[in-house]
4 protein chains.
Amino acid sequence: MQADRKKVMRKLNIAKGQLEGIIRMVEADRYCIDISTQLMAVIAALKAVNRDVLTAHLEHCVLNSLESANEEDKAEKISEVVKVIEKLSK
Amino acid sequence: MQADRKKVMRKLNIAKGQLEGIIRMVEADRYCIDISTQLMAVIAALKAVNRDVLTAHLEHCVLNSLESANEEDKAEKISEVVKVIEKLSK
Amino acid sequence: MQADRKKVMRKLNIAKGQLEGIIRMVEADRYCIDISTQLMAVIAALKAVNRDVLTAHLEHCVLNSLESANEEDKAEKISEVVKVIEKLSK
Amino acid sequence: MQADRKKVMRKLNIAKGQLEGIIRMVEADRYCIDISTQLMAVIAALKAVNRDVLTAHLEHCVLNSLESANEEDKAEKISEVVKVIEKLSK
């Protein structure tokens, strides 16, 4: 994930800032709907990071390994992607 | 998808039956919450079919193509999976 | 759901047509990725119907019942909405 | 959200710890699939917090306001819940 690490780190740090903001909102007893709106925003942000991580994985790790690797390794890479898709599509 | 076609067809026909049931519920002016519950059930059923289709695709089509195919074809297969994951993870 | 029934019926019939199209695609052994794309389209369409049904429920049934109903009935209406939100937010 | 604030705060602090762990994983260049698995875990944890916040909102704020409030305020409360459901059901 070399190429995309900086982008991912930046987005994760923004998400962490959002989450700290939500913690302060709960401490300050802010309106539930506003807290929920911020929670949905940070969830959407983390989903976007997950997309970046998985895209980088497929375009680099999986593609490279598939070019060189042995059969077992290929099957394992595919099996990992299957598991990710199973979780995502629930 | 040879191997899994029968299972997928059976599940799709069940989902179609559920959807026809929902149409009858709306016609009969049934309670909204009951209609919504049935809608969520058919959505969950179709998500399960989608998981089956994508798993079969990865375990057969992608794995096979990766063993024989040229570089361009591999990259296209990966690109298709990336697009699926992007849609699923929204 | 009087006011929105026609719209909901029209959308459900379109979704049924999409689903029948998907069944034909599987019968014709069409490419998995194309089948998955259509499945995600019909899932999105049914989610939109569910939003319509729940919005109509809240804006008519819940709002009306809350103006006239007794405490128990109000609490039950709220409890139903809580259950819907629990399912939706998984 | 008085009654549930402690539970929500505890869960948010756990989620923050998970997110900091993910940041360290990215810094340490850990395997993408492991990072993605942790991201999906923290997303699921934040969805659970969102469910708690919305349930508390409905069972306390909405129910109370509906017992005393004027028509406009009721309609606004319902409209807020409609918007939440629209976001959740995408």
# chains A, B, ... in the order shown; residues from 1 in each chain; ligands from 1
>>> calpha_fit_and_write(fixed="chain C", moving="chain A", output="CSV table (one decimal) with N, CA, C and O atoms, in the first residue's frame")
chain,number,residue,atom,x,y,z
A,1,MET,N,-51.0,4.8,3.9
A,1,MET,CA,-50.1,5.1,2.8
A,1,MET,C,-50.9,5.4,1.5
A,1,MET,O,-50.3,5.4,0.4
A,2,GLN,N,-52.2,5.8,1.7
A,2,GLN,CA,-53.0,6.1,0.5
A,2,GLN,C,-52.3,7.0,-0.5
A,2,GLN,O,-52.1,6.5,-1.6
A,3,ALA,N,-51.8,8.1,-0.1
A,3,ALA,CA,-51.2,9.1,-1.0
A,3,ALA,C,-50.1,8.6,-1.8
A,3,ALA,O,-49.9,9.0,-3.0
A,4,ASP,N,-49.3,7.7,-1.3
A,4,ASP,CA,-48.1,7.2,-2.0
A,4,ASP,C,-48.3,5.8,-2.6
A,4,ASP,O,-47.3,5.3,-3.2
A,5,ARG,N,-49.5,5.2,-2.5
A,5,ARG,CA,-49.6,3.9,-2.9
A,5,ARG,C,-49.3,3.7,-4.4
A,5,ARG,O,-48.6,2.7,-4.7
A,6,LYS,N,-49.8,4.6,-5.2
A,6,LYS,CA,-49.6,4.5,-6.6
A,6,LYS,C,-48.1,4.5,-7.0
A,6,LYS,O,-47.6,3.7,-7.8
A,7,LYS,N,-47.4,5.4,-6.4
A,7,LYS,CA,-45.9,5.5,-6.6
A,7,LYS,C,-45.2,4.3,-6.2
A,7,LYS,O,-44.4,3.7,-6.9
A,8,VAL,N,-45.6,3.8,-5.0
A,8,VAL,CA,-45.0,2.5,-4.5
A,8,VAL,C,-45.3,1.4,-5.4
A,8,VAL,O,-44.4,0.6,-5.7
A,9,MET,N,-46.5,1.2,-5.8
A,9,MET,CA,-46.9,0.1,-6.7
A,9,MET,C,-46.1,0.2,-8.0
A,9,MET,O,-45.7,-0.8,-8.5
A,10,ARG,N,-46.0,1.4,-8.6
A,10,ARG,CA,-45.3,1.5,-9.8
A,10,ARG,C,-43.8,1.1,-9.7
A,10,ARG,O,-43.3,0.3,-10.4
A,11,LYS,N,-43.2,1.6,-8.6
A,11,LYS,CA,-41.8,1.2,-8.3
A,11,LYS,C,-41.6,-0.3,-8.1
A,11,LYS,O,-40.6,-0.9,-8.5
A,12,LEU,N,-42.5,-0.9,-7.3
A,12,LEU,CA,-42.4,-2.3,-7.1
A,12,LEU,C,-42.6,-3.1,-8.4
A,12,LEU,O,-41.9,-4.1,-8.6
A,13,ASN,N,-43.5,-2.7,-9.2
A,13,ASN,CA,-43.6,-3.4,-10.5
A,13,ASN,C,-42.4,-3.3,-11.4
A,13,ASN,O,-42.0,-4.2,-12.1
A,14,ILE,N,-41.8,-2.1,-11.4
A,14,ILE,CA,-40.5,-1.9,-12.1
A,14,ILE,C,-39.5,-2.9,-11.5
A,14,ILE,O,-38.7,-3.6,-12.3
A,15,ALA,N,-39.4,-3.0,-10.2
A,15,ALA,CA,-38.4,-3.8,-9.5
A,15,ALA,C,-38.7,-5.3,-9.9
A,15,ALA,O,-37.7,-6.1,-10.1
A,16,LYS,N,-39.9,-5.7,-10.0
A,16,LYS,CA,-40.3,-7.0,-10.3
A,16,LYS,C,-39.8,-7.3,-11.8
A,16,LYS,O,-39.3,-8.4,-12.0
A,17,GLY,N,-40.0,-6.4,-12.7
A,17,GLY,CA,-39.5,-6.5,-14.0
A,17,GLY,C,-38.0,-6.7,-14.1
A,17,GLY,O,-37.5,-7.5,-14.8
A,18,GLN,N,-37.3,-5.9,-13.2
A,18,GLN,CA,-35.8,-6.0,-13.2
A,18,GLN,C,-35.4,-7.4,-12.7
A,18,GLN,O,-34.5,-8.0,-13.2
A,19,LEU,N,-36.1,-7.9,-11.7
A,19,LEU,CA,-35.8,-9.2,-11.1
A,19,LEU,C,-36.1,-10.3,-12.1
A,19,LEU,O,-35.3,-11.3,-12.3
A,20,GLU,N,-37.2,-10.2,-12.9
A,20,GLU,CA,-37.4,-11.2,-14.0
A,20,GLU,C,-36.3,-11.1,-15.0
A,20,GLU,O,-35.9,-12.2,-15.6
A,21,GLY,N,-35.8,-9.9,-15.3
A,21,GLY,CA,-34.7,-9.8,-16.2
A,21,GLY,C,-33.4,-10.5,-15.7
A,21,GLY,O,-32.7,-11.1,-16.5
A,22,ILE,N,-33.2,-10.4,-14.4
A,22,ILE,CA,-32.0,-11.0,-13.8
A,22,ILE,C,-32.2,-12.6,-13.9
A,22,ILE,O,-31.2,-13.3,-14.2
A,23,ILE,N,-33.4,-13.1,-13.7
A,23,ILE,CA,-33.6,-14.5,-13.8
A,23,ILE,C,-33.3,-15.0,-15.2
A,23,ILE,O,-32.6,-16.0,-15.4
A,24,ARG,N,-33.7,-14.2,-16.2
A,24,ARG,CA,-33.4,-14.5,-17.6
A,24,ARG,C,-31.9,-14.5,-17.9
A,24,ARG,O,-31.4,-15.3,-18.6
A,25,MET,N,-31.2,-13.5,-17.2
A,25,MET,CA,-29.8,-13.4,-17.4
A,25,MET,C,-29.1,-14.7,-16.9
A,25,MET,O,-28.1,-15.2,-17.5
A,26,VAL,N,-29.5,-15.1,-15.7
A,26,VAL,CA,-28.9,-16.3,-15.1
A,26,VAL,C,-29.2,-17.6,-16.0
A,26,VAL,O,-28.3,-18.4,-16.3
A,27,GLU,N,-30.4,-17.7,-16.5
A,27,GLU,CA,-30.8,-18.8,-17.4
A,27,GLU,C,-29.9,-18.8,-18.6
A,27,GLU,O,-29.5,-19.8,-19.1
A,28,ALA,N,-29.6,-17.6,-19.1
A,28,ALA,CA,-28.8,-17.4,-20.4
A,28,ALA,C,-27.3,-17.5,-20.1
A,28,ALA,O,-26.5,-17.3,-21.0
A,29,ASP,N,-27.0,-17.8,-18.8
A,29,ASP,CA,-25.6,-17.9,-18.4
A,29,ASP,C,-24.8,-16.6,-18.7
A,29,ASP,O,-23.6,-16.7,-19.2
A,30,ARG,N,-25.4,-15.5,-18.5
A,30,ARG,CA,-24.7,-14.2,-18.7
A,30,ARG,C,-23.5,-14.0,-17.7
A,30,ARG,O,-23.5,-14.6,-16.7
A,31,TYR,N,-22.7,-13.0,-18.1
A,31,TYR,CA,-21.5,-12.8,-17.3
A,31,TYR,C,-21.8,-12.4,-15.8
A,31,TYR,O,-22.7,-11.5,-15.6
A,32,CYS,N,-21.2,-13.0,-14.8
A,32,CYS,CA,-21.5,-12.8,-13.4
A,32,CYS,C,-21.5,-11.3,-13.0
A,32,CYS,O,-22.3,-10.9,-12.2
A,33,ILE,N,-20.5,-10.6,-13.5
A,33,ILE,CA,-20.4,-9.2,-13.1
A,33,ILE,C,-21.6,-8.4,-13.6
A,33,ILE,O,-22.1,-7.5,-12.9
A,34,ASP,N,-22.1,-8.7,-14.8
A,34,ASP,CA,-23.3,-8.1,-15.3
A,34,ASP,C,-24.5,-8.4,-14.4
A,34,ASP,O,-25.4,-7.6,-14.1
A,35,ILE,N,-24.6,-9.7,-14.0
A,35,ILE,CA,-25.7,-10.1,-13.2
A,35,ILE,C,-25.6,-9.4,-11.8
A,35,ILE,O,-26.6,-8.9,-11.3
A,36,SER,N,-24.4,-9.3,-11.2
A,36,SER,CA,-24.2,-8.6,-10.0
A,36,SER,C,-24.6,-7.2,-10.1
A,36,SER,O,-25.2,-6.6,-9.2
A,37,THR,N,-24.2,-6.5,-11.2
A,37,THR,CA,-24.6,-5.1,-11.4
A,37,THR,C,-26.1,-4.9,-11.4
A,37,THR,O,-26.6,-4.0,-10.7
A,38,GLN,N,-26.8,-5.8,-12.0
A,38,GLN,CA,-28.3,-5.7,-12.1
A,38,GLN,C,-28.9,-6.0,-10.7
A,38,GLN,O,-29.9,-5.4,-10.3
A,39,LEU,N,-28.3,-7.0,-10.0
A,39,LEU,CA,-28.7,-7.3,-8.6
A,39,LEU,C,-28.6,-6.1,-7.7
A,39,LEU,O,-29.5,-5.7,-7.0
A,40,MET,N,-27.5,-5.4,-7.8
A,40,MET,CA,-27.3,-4.2,-7.0
A,40,MET,C,-28.2,-3.1,-7.4
A,40,MET,O,-28.7,-2.3,-6.5
A,41,ALA,N,-28.6,-3.0,-8.7
A,41,ALA,CA,-29.6,-2.0,-9.1
A,41,ALA,C,-31.0,-2.3,-8.5
A,41,ALA,O,-31.6,-1.4,-8.0
A,42,VAL,N,-31.4,-3.6,-8.5
A,42,VAL,CA,-32.7,-3.9,-8.0
A,42,VAL,C,-32.7,-3.7,-6.4
A,42,VAL,O,-33.7,-3.3,-5.9
A,43,ILE,N,-31.6,-4.1,-5.8
A,43,ILE,CA,-31.5,-3.8,-4.3
A,43,ILE,C,-31.6,-2.3,-4.0
A,43,ILE,O,-32.4,-1.9,-3.1
A,44,ALA,N,-31.0,-1.5,-4.8
A,44,ALA,CA,-31.0,0.0,-4.6
A,44,ALA,C,-32.5,0.4,-4.8
A,44,ALA,O,-33.0,1.3,-4.1
A,45,ALA,N,-33.2,-0.1,-5.8
A,45,ALA,CA,-34.5,0.3,-6.1
A,45,ALA,C,-35.5,-0.1,-5.0
A,45,ALA,O,-36.3,0.7,-4.6
A,46,LEU,N,-35.3,-1.3,-4.4
A,46,LEU,CA,-36.1,-1.7,-3.3
A,46,LEU,C,-35.8,-1.0,-2.0
A,46,LEU,O,-36.7,-0.7,-1.2
A,47,LYS,N,-34.6,-0.6,-1.8
A,47,LYS,CA,-34.3,0.3,-0.7
A,47,LYS,C,-35.0,1.7,-0.9
A,47,LYS,O,-35.5,2.2,0.1
A,48,ALA,N,-35.1,2.2,-2.1
A,48,ALA,CA,-35.8,3.4,-2.3
A,48,ALA,C,-37.3,3.3,-2.0
A,48,ALA,O,-37.9,4.2,-1.4
A,49,VAL,N,-37.9,2.1,-2.4
A,49,VAL,CA,-39.3,1.9,-2.0
A,49,VAL,C,-39.4,1.8,-0.5
A,49,VAL,O,-40.4,2.4,0.0
A,50,ASN,N,-38.5,1.2,0.2
A,50,ASN,CA,-38.6,1.1,1.6
A,50,ASN,C,-38.5,2.5,2.3
A,50,ASN,O,-39.3,2.7,3.2
A,51,ARG,N,-37.6,3.3,1.7
A,51,ARG,CA,-37.6,4.7,2.2
A,51,ARG,C,-39.0,5.4,2.0
A,51,ARG,O,-39.5,6.1,2.9
A,52,ASP,N,-39.6,5.2,0.8
A,52,ASP,CA,-40.9,5.8,0.6
A,52,ASP,C,-41.9,5.3,1.6
A,52,ASP,O,-42.7,6.1,2.1
A,53,VAL,N,-41.9,4.0,1.8
A,53,VAL,CA,-42.9,3.4,2.7
A,53,VAL,C,-42.8,3.9,4.1
A,53,VAL,O,-43.7,4.3,4.8
A,54,LEU,N,-41.5,4.0,4.6
A,54,LEU,CA,-41.2,4.4,6.0
A,54,LEU,C,-41.5,5.9,6.1
A,54,LEU,O,-42.0,6.3,7.2
A,55,THR,N,-41.2,6.7,5.1
A,55,THR,CA,-41.5,8.1,5.2
A,55,THR,C,-43.0,8.3,5.3
A,55,THR,O,-43.5,9.1,6.1
A,56,ALA,N,-43.7,7.7,4.4
A,56,ALA,CA,-45.2,7.8,4.4
A,56,ALA,C,-45.7,7.4,5.8
A,56,ALA,O,-46.6,8.0,6.4
A,57,HIS,N,-45.2,6.3,6.3
A,57,HIS,CA,-45.6,5.8,7.6
A,57,HIS,C,-45.4,6.9,8.7
A,57,HIS,O,-46.3,7.1,9.5
A,58,LEU,N,-44.2,7.4,8.7
A,58,LEU,CA,-43.9,8.4,9.8
A,58,LEU,C,-44.7,9.7,9.6
A,58,LEU,O,-45.3,10.2,10.6
A,59,GLU,N,-44.9,10.1,8.4
A,59,GLU,CA,-45.5,11.4,8.1
A,59,GLU,C,-47.0,11.3,8.2
A,59,GLU,O,-47.7,12.3,8.5
A,60,HIS,N,-47.6,10.1,8.0
A,60,HIS,CA,-49.0,10.0,8.2
A,60,HIS,C,-49.4,9.2,9.4
A,60,HIS,O,-49.8,9.8,10.4
A,61,CYS,N,-49.1,7.9,9.4
A,61,CYS,CA,-49.6,7.0,10.5
A,61,CYS,C,-49.0,7.5,11.8
A,61,CYS,O,-49.8,7.7,12.8
A,62,VAL,N,-47.7,7.6,11.9
A,62,VAL,CA,-47.2,7.9,13.3
A,62,VAL,C,-47.6,9.3,13.7
A,62,VAL,O,-48.1,9.5,14.8
A,63,LEU,N,-47.5,10.3,12.8
A,63,LEU,CA,-47.9,11.7,13.2
A,63,LEU,C,-49.4,11.7,13.7
A,63,LEU,O,-49.7,12.3,14.7
A,64,ASN,N,-50.2,11.1,12.9
A,64,ASN,CA,-51.7,11.1,13.2
A,64,ASN,C,-51.9,10.4,14.5
A,64,ASN,O,-52.6,10.9,15.4
A,65,SER,N,-51.4,9.2,14.7
A,65,SER,CA,-51.6,8.4,15.9
A,65,SER,C,-51.2,9.2,17.1
A,65,SER,O,-51.8,9.1,18.2
A,66,LEU,N,-50.1,9.9,16.9
A,66,LEU,CA,-49.5,10.6,18.1
A,66,LEU,C,-50.4,11.8,18.5
A,66,LEU,O,-50.3,12.2,19.7
A,67,GLU,N,-51.2,12.3,17.6
A,67,GLU,CA,-52.1,13.4,18.0
A,67,GLU,C,-53.3,12.9,18.8
A,67,GLU,O,-53.8,13.6,19.7
A,68,SER,N,-53.7,11.7,18.5
A,68,SER,CA,-54.9,11.3,19.2
A,68,SER,C,-54.7,10.2,20.2
A,68,SER,O,-55.5,10.1,21.1
A,69,ALA,N,-53.7,9.4,19.9
A,69,ALA,CA,-53.7,8.1,20.6
A,69,ALA,C,-53.4,8.1,22.1
A,69,ALA,O,-52.9,9.1,22.6
A,70,ASN,N,-53.6,7.0,22.7
A,70,ASN,CA,-53.3,6.9,24.1
A,70,ASN,C,-51.8,6.6,24.3
A,70,ASN,O,-51.1,6.3,23.3
A,71,GLU,N,-51.3,6.6,25.5
A,71,GLU,CA,-49.9,6.5,25.8
A,71,GLU,C,-49.3,5.2,25.3
A,71,GLU,O,-48.3,5.1,24.7
A,72,GLU,N,-50.1,4.1,25.5
A,72,GLU,CA,-49.6,2.8,25.1
A,72,GLU,C,-49.4,2.7,23.6
A,72,GLU,O,-48.4,2.2,23.1
A,73,ASP,N,-50.3,3.2,22.9
A,73,ASP,CA,-50.2,3.2,21.4
A,73,ASP,C,-49.1,4.0,20.9
A,73,ASP,O,-48.3,3.6,20.0
A,74,LYS,N,-48.9,5.2,21.5
A,74,LYS,CA,-47.7,6.0,21.2
A,74,LYS,C,-46.4,5.3,21.4
A,74,LYS,O,-45.5,5.2,20.5
A,75,ALA,N,-46.3,4.6,22.6
A,75,ALA,CA,-45.1,3.9,22.9
A,75,ALA,C,-44.8,2.8,21.9
A,75,ALA,O,-43.7,2.5,21.5
A,76,GLU,N,-45.9,2.1,21.5
A,76,GLU,CA,-45.8,1.1,20.5
A,76,GLU,C,-45.3,1.6,19.1
A,76,GLU,O,-44.4,1.0,18.5
A,77,LYS,N,-45.9,2.7,18.7
A,77,LYS,CA,-45.4,3.3,17.4
A,77,LYS,C,-43.9,3.6,17.5
A,77,LYS,O,-43.2,3.4,16.6
A,78,ILE,N,-43.5,4.2,18.6
A,78,ILE,CA,-42.1,4.5,18.8
A,78,ILE,C,-41.2,3.3,18.8
A,78,ILE,O,-40.2,3.2,18.1
A,79,SER,N,-41.7,2.3,19.5
A,79,SER,CA,-41.0,1.0,19.5
A,79,SER,C,-40.8,0.4,18.1
A,79,SER,O,-39.8,-0.2,17.8
A,80,GLU,N,-41.8,0.5,17.3
A,80,GLU,CA,-41.8,0.0,15.9
A,80,GLU,C,-40.7,0.7,15.1
A,80,GLU,O,-39.9,0.1,14.4
A,81,VAL,N,-40.6,2.0,15.3
A,81,VAL,CA,-39.6,2.8,14.6
A,81,VAL,C,-38.2,2.5,15.1
A,81,VAL,O,-37.3,2.4,14.3
A,82,VAL,N,-38.1,2.3,16.4
A,82,VAL,CA,-36.8,1.9,16.9
A,82,VAL,C,-36.3,0.6,16.3
A,82,VAL,O,-35.2,0.5,15.8
A,83,LYS,N,-37.2,-0.4,16.1
A,83,LYS,CA,-36.9,-1.7,15.5
A,83,LYS,C,-36.4,-1.5,14.1
A,83,LYS,O,-35.5,-2.1,13.6
A,84,VAL,N,-37.2,-0.6,13.3
A,84,VAL,CA,-36.8,-0.4,11.9
A,84,VAL,C,-35.4,0.2,11.8
A,84,VAL,O,-34.5,-0.2,11.1
A,85,ILE,N,-35.1,1.2,12.7
A,85,ILE,CA,-33.8,1.9,12.7
A,85,ILE,C,-32.7,0.9,13.1
A,85,ILE,O,-31.6,0.9,12.5
A,86,GLU,N,-33.0,0.0,14.0
A,86,GLU,CA,-32.0,-1.0,14.4
A,86,GLU,C,-31.6,-1.9,13.2
A,86,GLU,O,-30.5,-2.2,12.9
A,87,LYS,N,-32.7,-2.3,12.4
A,87,LYS,CA,-32.4,-3.1,11.2
A,87,LYS,C,-31.6,-2.4,10.2
A,87,LYS,O,-30.7,-2.9,9.6
A,88,LEU,N,-32.1,-1.1,9.9
A,88,LEU,CA,-31.5,-0.3,8.9
A,88,LEU,C,-30.0,0.0,9.1
A,88,LEU,O,-29.2,0.2,8.2
A,89,SER,N,-29.7,0.2,10.4
A,89,SER,CA,-28.3,0.7,10.8
A,89,SER,C,-27.3,-0.4,11.0
A,89,SER,O,-26.3,-0.2,11.6
A,90,LYS,N,-27.6,-1.6,10.6
A,90,LYS,CA,-26.7,-2.7,10.7
A,90,LYS,C,-25.6,-2.7,9.6
A,90,LYS,O,-25.9,-2.2,8.5
>>> select_by_dssp(residues="chain C", states="alpha helix (DSSP H)", output="VMD selection string")
chain C and resid 2 to 27 32 to 56 63 to 68 71 to 88
>>> decode(residues="stretch 15-37 of chain B", atoms="N, CA, C and O atoms", output="JSON list (two decimals), in the first residue's frame")
[["chain", "number", "residue", "atom", "x", "y", "z"],
["B", 15, "ALA", "N", -37.17, -15.04, -4.15],
["B", 15, "ALA", "CA", -37.22, -13.57, -3.98],
["B", 15, "ALA", "C", -38.34, -12.97, -4.82],
["B", 15, "ALA", "O", -39.04, -12.05, -4.38],
["B", 16, "LYS", "N", -38.52, -13.50, -6.03],
["B", 16, "LYS", "CA", -39.61, -13.00, -6.89],
["B", 16, "LYS", "C", -40.97, -13.26, -6.23],
["B", 16, "LYS", "O", -41.85, -12.39, -6.24],
["B", 17, "GLY", "N", -41.12, -14.45, -5.62],
["B", 17, "GLY", "CA", -42.35, -14.75, -4.90],
["B", 17, "GLY", "C", -42.58, -13.79, -3.73],
["B", 17, "GLY", "O", -43.70, -13.32, -3.51],
["B", 18, "GLN", "N", -41.49, -13.49, -3.01],
["B", 18, "GLN", "CA", -41.59, -12.53, -1.89],
["B", 18, "GLN", "C", -42.05, -11.16, -2.40],
["B", 18, "GLN", "O", -42.88, -10.50, -1.80],
["B", 19, "LEU", "N", -41.46, -10.75, -3.54],
["B", 19, "LEU", "CA", -41.77, -9.43, -4.10],
["B", 19, "LEU", "C", -43.23, -9.37, -4.55],
["B", 19, "LEU", "O", -43.92, -8.36, -4.33],
["B", 20, "GLU", "N", -43.71, -10.46, -5.16],
["B", 20, "GLU", "CA", -45.13, -10.50, -5.55],
["B", 20, "GLU", "C", -46.04, -10.43, -4.31],
["B", 20, "GLU", "O", -47.09, -9.79, -4.34],
["B", 21, "GLY", "N", -45.59, -11.07, -3.23],
["B", 21, "GLY", "CA", -46.33, -10.98, -1.96],
["B", 21, "GLY", "C", -46.40, -9.54, -1.46],
["B", 21, "GLY", "O", -47.44, -9.10, -0.95],
["B", 22, "ILE", "N", -45.28, -8.81, -1.60],
["B", 22, "ILE", "CA", -45.25, -7.41, -1.14],
["B", 22, "ILE", "C", -46.21, -6.56, -1.98],
["B", 22, "ILE", "O", -46.93, -5.71, -1.45],
["B", 23, "ILE", "N", -46.23, -6.83, -3.30],
["B", 23, "ILE", "CA", -47.15, -6.08, -4.18],
["B", 23, "ILE", "C", -48.60, -6.32, -3.74],
["B", 23, "ILE", "O", -49.39, -5.37, -3.65],
["B", 24, "ARG", "N", -48.92, -7.58, -3.40],
["B", 24, "ARG", "CA", -50.28, -7.86, -2.91],
["B", 24, "ARG", "C", -50.56, -7.15, -1.57],
["B", 24, "ARG", "O", -51.67, -6.68, -1.32],
["B", 25, "MET", "N", -49.53, -7.09, -0.71],
["B", 25, "MET", "CA", -49.70, -6.40, 0.57],
["B", 25, "MET", "C", -50.02, -4.91, 0.36],
["B", 25, "MET", "O", -50.85, -4.34, 1.07],
["B", 26, "VAL", "N", -49.32, -4.29, -0.60],
["B", 26, "VAL", "CA", -49.57, -2.86, -0.86],
["B", 26, "VAL", "C", -50.97, -2.68, -1.44],
["B", 26, "VAL", "O", -51.71, -1.77, -1.03],
["B", 27, "GLU", "N", -51.34, -3.56, -2.37],
["B", 27, "GLU", "CA", -52.70, -3.52, -2.94],
["B", 27, "GLU", "C", -53.76, -3.64, -1.85],
["B", 27, "GLU", "O", -54.80, -2.98, -1.90],
["B", 28, "ALA", "N", -53.50, -4.52, -0.88],
["B", 28, "ALA", "CA", -54.49, -4.76, 0.19],
["B", 28, "ALA", "C", -54.38, -3.71, 1.30],
["B", 28, "ALA", "O", -55.03, -3.83, 2.33],
["B", 29, "ASP", "N", -53.51, -2.70, 1.07],
["B", 29, "ASP", "CA", -53.33, -1.61, 2.04],
["B", 29, "ASP", "C", -52.93, -2.12, 3.42],
["B", 29, "ASP", "O", -53.43, -1.63, 4.44],
["B", 30, "ARG", "N", -52.02, -3.07, 3.43],
["B", 30, "ARG", "CA", -51.54, -3.61, 4.70],
["B", 30, "ARG", "C", -50.68, -2.59, 5.45],
["B", 30, "ARG", "O", -50.19, -1.62, 4.87],
["B", 31, "TYR", "N", -50.45, -2.87, 6.73],
["B", 31, "TYR", "CA", -49.74, -1.93, 7.60],
["B", 31, "TYR", "C", -48.30, -1.69, 7.09],
["B", 31, "TYR", "O", -47.56, -2.64, 6.78],
["B", 32, "CYS", "N", -47.92, -0.40, 7.02],
["B", 32, "CYS", "CA", -46.62, 0.01, 6.45],
["B", 32, "CYS", "C", -45.44, -0.75, 7.07],
["B", 32, "CYS", "O", -44.52, -1.15, 6.36],
["B", 33, "ILE", "N", -45.46, -0.91, 8.38],
["B", 33, "ILE", "CA", -44.32, -1.53, 9.06],
["B", 33, "ILE", "C", -44.18, -2.99, 8.61],
["B", 33, "ILE", "O", -43.06, -3.49, 8.43],
["B", 34, "ASP", "N", -45.31, -3.66, 8.38],
["B", 34, "ASP", "CA", -45.25, -5.05, 7.89],
["B", 34, "ASP", "C", -44.69, -5.09, 6.45],
["B", 34, "ASP", "O", -43.92, -5.99, 6.11],
["B", 35, "ILE", "N", -45.10, -4.12, 5.63],
["B", 35, "ILE", "CA", -44.57, -4.04, 4.26],
["B", 35, "ILE", "C", -43.07, -3.79, 4.31],
["B", 35, "ILE", "O", -42.29, -4.44, 3.61],
["B", 36, "SER", "N", -42.65, -2.85, 5.16],
["B", 36, "SER", "CA", -41.22, -2.53, 5.28],
["B", 36, "SER", "C", -40.42, -3.75, 5.74],
["B", 36, "SER", "O", -39.32, -4.00, 5.23],
["B", 37, "THR", "N", -40.97, -4.50, 6.69],
["B", 37, "THR", "CA", -40.29, -5.70, 7.18],
["B", 37, "THR", "C", -40.07, -6.70, 6.04],
["B", 37, "THR", "O", -38.98, -7.27, 5.89]]
